[in-house]
file target-v6.txt (compact mmCIF, N, CA and C atoms)
# COMPACT_ATOMS: atom_id res chain seq x y z
N MET B 297 -31.93 -10.49 15.93
CA MET B 297 -30.89 -10.03 15.03
C MET B 297 -30.31 -8.72 15.57
N ALA B 298 -29.00 -8.55 15.39
CA ALA B 298 -28.32 -7.34 15.88
C ALA B 298 -28.78 -6.13 15.08
N ARG B 299 -28.78 -5.00 15.73
CA ARG B 299 -29.15 -3.75 15.09
C ARG B 299 -28.02 -3.33 14.13
N VAL B 300 -28.35 -2.92 12.94
CA VAL B 300 -27.39 -2.50 11.92
C VAL B 300 -27.16 -1.00 12.05
N VAL B 301 -25.89 -0.58 12.04
CA VAL B 301 -25.54 0.83 12.14
C VAL B 301 -24.69 1.22 10.94
N ASN B 302 -24.70 2.50 10.62
CA ASN B 302 -23.85 3.01 9.55
C ASN B 302 -22.49 3.39 10.11
N VAL B 303 -21.45 3.16 9.32
CA VAL B 303 -20.09 3.56 9.66
C VAL B 303 -19.59 4.39 8.48
N ASN B 304 -19.11 5.58 8.75
CA ASN B 304 -18.62 6.46 7.69
C ASN B 304 -17.13 6.70 7.84
N PHE B 305 -16.39 6.59 6.75
CA PHE B 305 -14.98 6.93 6.75
C PHE B 305 -14.59 7.33 5.34
N LYS B 306 -13.43 7.96 5.21
CA LYS B 306 -12.98 8.45 3.91
C LYS B 306 -11.95 7.50 3.31
N LEU B 307 -12.01 7.36 1.99
CA LEU B 307 -11.05 6.58 1.22
C LEU B 307 -10.62 7.41 0.02
N ASP B 308 -9.39 7.22 -0.41
CA ASP B 308 -8.94 7.80 -1.65
C ASP B 308 -9.83 7.25 -2.77
N GLU B 309 -10.22 8.10 -3.70
CA GLU B 309 -11.15 7.69 -4.76
C GLU B 309 -10.64 6.50 -5.56
N ASP B 310 -9.34 6.49 -5.88
CA ASP B 310 -8.77 5.38 -6.65
C ASP B 310 -8.80 4.08 -5.86
N VAL B 311 -8.55 4.16 -4.55
CA VAL B 311 -8.61 2.98 -3.69
C VAL B 311 -10.03 2.43 -3.67
N LYS B 312 -11.00 3.32 -3.55
CA LYS B 312 -12.41 2.89 -3.52
C LYS B 312 -12.80 2.21 -4.83
N LYS B 313 -12.42 2.81 -5.95
CA LYS B 313 -12.77 2.21 -7.25
C LYS B 313 -12.12 0.85 -7.43
N SER B 314 -10.87 0.74 -7.01
CA SER B 314 -10.15 -0.53 -7.11
C SER B 314 -10.82 -1.60 -6.25
N MET B 315 -11.22 -1.21 -5.03
CA MET B 315 -11.88 -2.16 -4.14
C MET B 315 -13.25 -2.56 -4.69
N GLU B 316 -13.98 -1.58 -5.24
CA GLU B 316 -15.29 -1.90 -5.82
C GLU B 316 -15.14 -2.93 -6.94
N ARG B 317 -14.14 -2.76 -7.80
CA ARG B 317 -13.92 -3.72 -8.89
C ARG B 317 -13.57 -5.10 -8.35
N ALA B 318 -12.66 -5.14 -7.36
CA ALA B 318 -12.26 -6.42 -6.77
C ALA B 318 -13.44 -7.11 -6.10
N CYS B 319 -14.23 -6.35 -5.34
CA CYS B 319 -15.40 -6.92 -4.67
C CYS B 319 -16.40 -7.43 -5.69
N SER B 320 -16.62 -6.66 -6.74
CA SER B 320 -17.55 -7.08 -7.79
C SER B 320 -17.09 -8.39 -8.42
N ASP B 321 -15.80 -8.52 -8.68
CA ASP B 321 -15.25 -9.75 -9.26
C ASP B 321 -15.48 -10.95 -8.35
N MET B 322 -15.56 -10.70 -7.03
CA MET B 322 -15.79 -11.79 -6.07
C MET B 322 -17.27 -11.97 -5.74
N GLY B 323 -18.11 -11.13 -6.36
CA GLY B 323 -19.54 -11.23 -6.09
C GLY B 323 -19.94 -10.63 -4.76
N LEU B 324 -19.15 -9.67 -4.26
CA LEU B 324 -19.42 -9.03 -2.98
C LEU B 324 -19.66 -7.54 -3.16
N SER B 325 -20.40 -6.97 -2.25
CA SER B 325 -20.47 -5.51 -2.16
C SER B 325 -19.33 -5.06 -1.25
N MET B 326 -19.00 -3.78 -1.30
CA MET B 326 -18.00 -3.26 -0.38
C MET B 326 -18.47 -3.41 1.05
N SER B 327 -19.75 -3.22 1.28
CA SER B 327 -20.31 -3.37 2.62
C SER B 327 -20.09 -4.79 3.14
N ALA B 328 -20.34 -5.78 2.29
CA ALA B 328 -20.14 -7.17 2.70
C ALA B 328 -18.67 -7.44 2.99
N ALA B 329 -17.77 -6.90 2.16
CA ALA B 329 -16.34 -7.10 2.37
C ALA B 329 -15.89 -6.48 3.70
N PHE B 330 -16.35 -5.25 3.98
CA PHE B 330 -15.99 -4.61 5.25
C PHE B 330 -16.59 -5.36 6.43
N THR B 331 -17.79 -5.90 6.27
CA THR B 331 -18.41 -6.68 7.34
C THR B 331 -17.60 -7.94 7.63
N ILE B 332 -17.15 -8.62 6.58
CA ILE B 332 -16.30 -9.81 6.75
C ILE B 332 -15.03 -9.43 7.51
N PHE B 333 -14.40 -8.33 7.09
CA PHE B 333 -13.19 -7.85 7.75
C PHE B 333 -13.45 -7.54 9.22
N ALA B 334 -14.52 -6.79 9.50
CA ALA B 334 -14.84 -6.39 10.87
C ALA B 334 -15.13 -7.60 11.76
N LYS B 335 -15.86 -8.58 11.24
CA LYS B 335 -16.16 -9.78 12.03
C LYS B 335 -14.89 -10.55 12.36
N LYS B 336 -13.99 -10.66 11.39
CA LYS B 336 -12.74 -11.39 11.61
C LYS B 336 -11.86 -10.67 12.63
N VAL B 337 -11.77 -9.34 12.53
CA VAL B 337 -10.98 -8.57 13.50
C VAL B 337 -11.58 -8.75 14.90
N GLY B 338 -12.89 -8.63 15.02
CA GLY B 338 -13.54 -8.79 16.31
C GLY B 338 -13.37 -10.17 16.90
N ARG B 339 -13.44 -11.18 16.06
CA ARG B 339 -13.33 -12.56 16.53
C ARG B 339 -11.89 -12.91 16.91
N GLU B 340 -10.92 -12.48 16.08
CA GLU B 340 -9.52 -12.89 16.29
C GLU B 340 -8.69 -11.87 17.06
N ARG B 341 -9.25 -10.64 17.23
CA ARG B 341 -8.56 -9.57 17.96
C ARG B 341 -7.21 -9.24 17.33
N ARG B 342 -7.18 -9.23 15.98
CA ARG B 342 -5.97 -8.90 15.23
C ARG B 342 -6.36 -8.48 13.82
N ILE B 343 -5.46 -7.78 13.14
CA ILE B 343 -5.67 -7.49 11.72
C ILE B 343 -5.41 -8.80 10.98
N PRO B 344 -6.32 -9.27 10.14
CA PRO B 344 -6.21 -10.61 9.55
C PRO B 344 -5.24 -10.72 8.37
N PHE B 345 -4.27 -9.84 8.31
CA PHE B 345 -3.23 -9.93 7.30
C PHE B 345 -2.03 -9.15 7.82
N GLU B 346 -0.87 -9.39 7.23
CA GLU B 346 0.33 -8.71 7.70
C GLU B 346 0.31 -7.24 7.33
N VAL B 347 0.61 -6.40 8.28
CA VAL B 347 0.70 -4.96 8.05
C VAL B 347 2.15 -4.58 8.32
N SER B 348 2.82 -4.07 7.30
CA SER B 348 4.22 -3.70 7.48
C SER B 348 4.54 -2.51 6.57
N ALA B 349 5.60 -1.83 6.92
CA ALA B 349 6.04 -0.69 6.13
C ALA B 349 6.93 -1.20 5.00
N ASP B 350 6.75 -0.65 3.82
CA ASP B 350 7.60 -0.99 2.69
C ASP B 350 8.94 -0.30 2.89
N PRO B 351 10.04 -1.05 3.00
CA PRO B 351 11.34 -0.42 3.26
C PRO B 351 11.76 0.55 2.16
N PHE B 352 11.17 0.43 0.99
CA PHE B 352 11.50 1.36 -0.10
C PHE B 352 11.20 2.79 0.32
N TYR B 353 10.17 3.00 1.12
CA TYR B 353 9.74 4.34 1.50
C TYR B 353 10.33 4.81 2.83
N SER B 354 11.31 4.09 3.37
CA SER B 354 11.94 4.52 4.62
C SER B 354 12.67 5.84 4.40
N ALA B 355 12.80 6.62 5.45
CA ALA B 355 13.49 7.91 5.36
C ALA B 355 14.92 7.73 4.88
N GLU B 356 15.58 6.68 5.36
CA GLU B 356 16.97 6.43 4.96
C GLU B 356 17.08 6.14 3.47
N HIS B 357 16.18 5.32 2.95
CA HIS B 357 16.23 4.96 1.53
C HIS B 357 15.91 6.17 0.65
N ILE B 358 14.92 6.94 1.04
CA ILE B 358 14.56 8.14 0.27
C ILE B 358 15.74 9.11 0.26
N ALA B 359 16.40 9.29 1.40
CA ALA B 359 17.58 10.19 1.46
C ALA B 359 18.68 9.68 0.55
N MET B 360 18.92 8.37 0.53
CA MET B 360 19.95 7.79 -0.34
C MET B 360 19.59 8.01 -1.81
N LEU B 361 18.33 7.80 -2.17
CA LEU B 361 17.91 8.01 -3.56
C LEU B 361 18.06 9.48 -3.96
N GLU B 362 17.67 10.39 -3.07
CA GLU B 362 17.79 11.82 -3.37
C GLU B 362 19.26 12.21 -3.56
N LYS B 363 20.17 11.63 -2.75
CA LYS B 363 21.59 11.91 -2.90
C LYS B 363 22.10 11.38 -4.23
N ARG B 364 21.68 10.18 -4.61
CA ARG B 364 22.12 9.61 -5.90
C ARG B 364 21.63 10.46 -7.07
N VAL B 365 20.40 10.93 -7.00
CA VAL B 365 19.88 11.79 -8.07
C VAL B 365 20.67 13.09 -8.12
N SER B 366 20.93 13.66 -6.96
CA SER B 366 21.71 14.90 -6.90
C SER B 366 23.11 14.68 -7.47
N ASP B 367 23.76 13.58 -7.08
CA ASP B 367 25.09 13.27 -7.62
C ASP B 367 25.04 13.09 -9.13
N MET B 368 24.01 12.39 -9.61
CA MET B 368 23.89 12.14 -11.04
C MET B 368 23.72 13.45 -11.81
N LYS B 369 22.88 14.33 -11.29
CA LYS B 369 22.65 15.61 -11.96
C LYS B 369 23.92 16.46 -11.97
N ALA B 370 24.76 16.29 -10.93
CA ALA B 370 26.01 17.06 -10.83
C ALA B 370 27.16 16.35 -11.53
N GLY B 371 26.90 15.16 -12.10
CA GLY B 371 27.94 14.42 -12.81
C GLY B 371 28.90 13.69 -11.89
N ARG B 372 28.53 13.50 -10.63
CA ARG B 372 29.38 12.79 -9.67
C ARG B 372 28.96 11.33 -9.55
N ASN B 373 29.96 10.49 -9.20
CA ASN B 373 29.70 9.07 -8.90
C ASN B 373 28.96 8.37 -10.04
N MET B 374 29.34 8.68 -11.27
CA MET B 374 28.72 8.04 -12.43
C MET B 374 29.57 6.84 -12.83
N HIS B 375 29.01 5.64 -12.78
CA HIS B 375 29.73 4.42 -13.10
C HIS B 375 28.91 3.59 -14.08
N GLU B 376 29.63 2.92 -14.98
CA GLU B 376 28.93 2.00 -15.88
C GLU B 376 28.46 0.80 -15.08
N HIS B 377 27.32 0.30 -15.43
CA HIS B 377 26.78 -0.87 -14.77
C HIS B 377 27.59 -2.09 -15.19
N ASP B 378 27.80 -3.01 -14.26
CA ASP B 378 28.61 -4.20 -14.55
C ASP B 378 28.04 -5.04 -15.69
N LEU B 379 26.72 -4.99 -15.89
CA LEU B 379 26.11 -5.81 -16.93
C LEU B 379 26.08 -5.15 -18.29
N ILE B 380 26.47 -3.89 -18.36
CA ILE B 380 26.47 -3.19 -19.64
C ILE B 380 27.87 -3.27 -20.24
N GLU B 381 27.91 -3.77 -21.47
CA GLU B 381 29.20 -3.85 -22.15
C GLU B 381 29.55 -2.47 -22.69
N ALA B 382 30.76 -2.03 -22.40
CA ALA B 382 31.21 -0.73 -22.87
C ALA B 382 31.80 -0.83 -24.25

call {"tool": "encode", "arguments": {"input": "target-v6.txt", "output": "structure tokens"}}
result
Amino acid sequence: MARVVNVNFKLDEDVKKSMERACSDMGLSMSAAFTIFAKKVGRERRIPFEVSADPFYSAEHIAMLEKRVSDMKAGRNMHEHDLIEA
């Protein structure tokens, strides 16, 4: 049998609690879940799910949202929504 080693890393507390609940619902420990993940990565030489950036958080989108908020606060570019009856 392979020698077992400890791996230490940091997680946001809320992320850890959420994962603990999800693992518990599946009847797994966090250690077992990470082991499954690590074995799959090692075997397939890839992250076993899609990893992508949410376009909502792109610099361009954030800048556009900040400009809209600034315009709204200054009373500029205020338009009724097409679905709202005036």

call {"tool": "axis_aligned_box", "arguments": {"input": "target-v6.txt", "around": "region 331-345 of chain B", "padding_each_side": "8 Å", "output": "AutoDock Vina command-line options"}}
result
--center_x -10.2 --center_y -9.4 --center_z 12.1 --size_x 32.4 --size_y 23.0 --size_z 27.7

call {"tool": "select_by_dssp", "arguments": {"input": "target-v6.txt", "residues": "chain B", "states": "alpha helix (DSSP H)", "output": "ChimeraX atom specification"}}
result
/B:309-321,326-340,355-369

call {"tool": "atom_distance", "arguments": {"input": "target-v6.txt", "atom1": "atom C of Val303 (chain B)", "atom2": "atom C of Ser327 (chain B)"}}
result
10.6 Å

call {"tool": "closest_residue", "arguments": {"input": "target-v6.txt", "among": "B:Val347, B:Met374, B:Cys319, B:Ala298", "to": "Ile332 (chain B)", "atoms": "only C-alpha atoms"}}
result
B:Cys319

call {"tool": "closest_residue", "arguments": {"input": "target-v6.txt", "among": "B:Asp350, B:Thr331, B:Asp321, B:Ala370", "to": "Val301 (chain B)", "atoms": "only C-alpha atoms"}}
result
B:Thr331

call {"tool": "atom_distance", "arguments": {"input": "target-v6.txt", "atom1": "atom C of Ser320 (chain B)", "atom2": "atom N of Ala349 (chain B)"}}
result
28.2 Å

call {"tool": "atom_distance", "arguments": {"input": "target-v6.txt", "atom1": "atom C of Glu309 (chain B)", "atom2": "atom C of Ser325 (chain B)"}}
result
15.1 Å
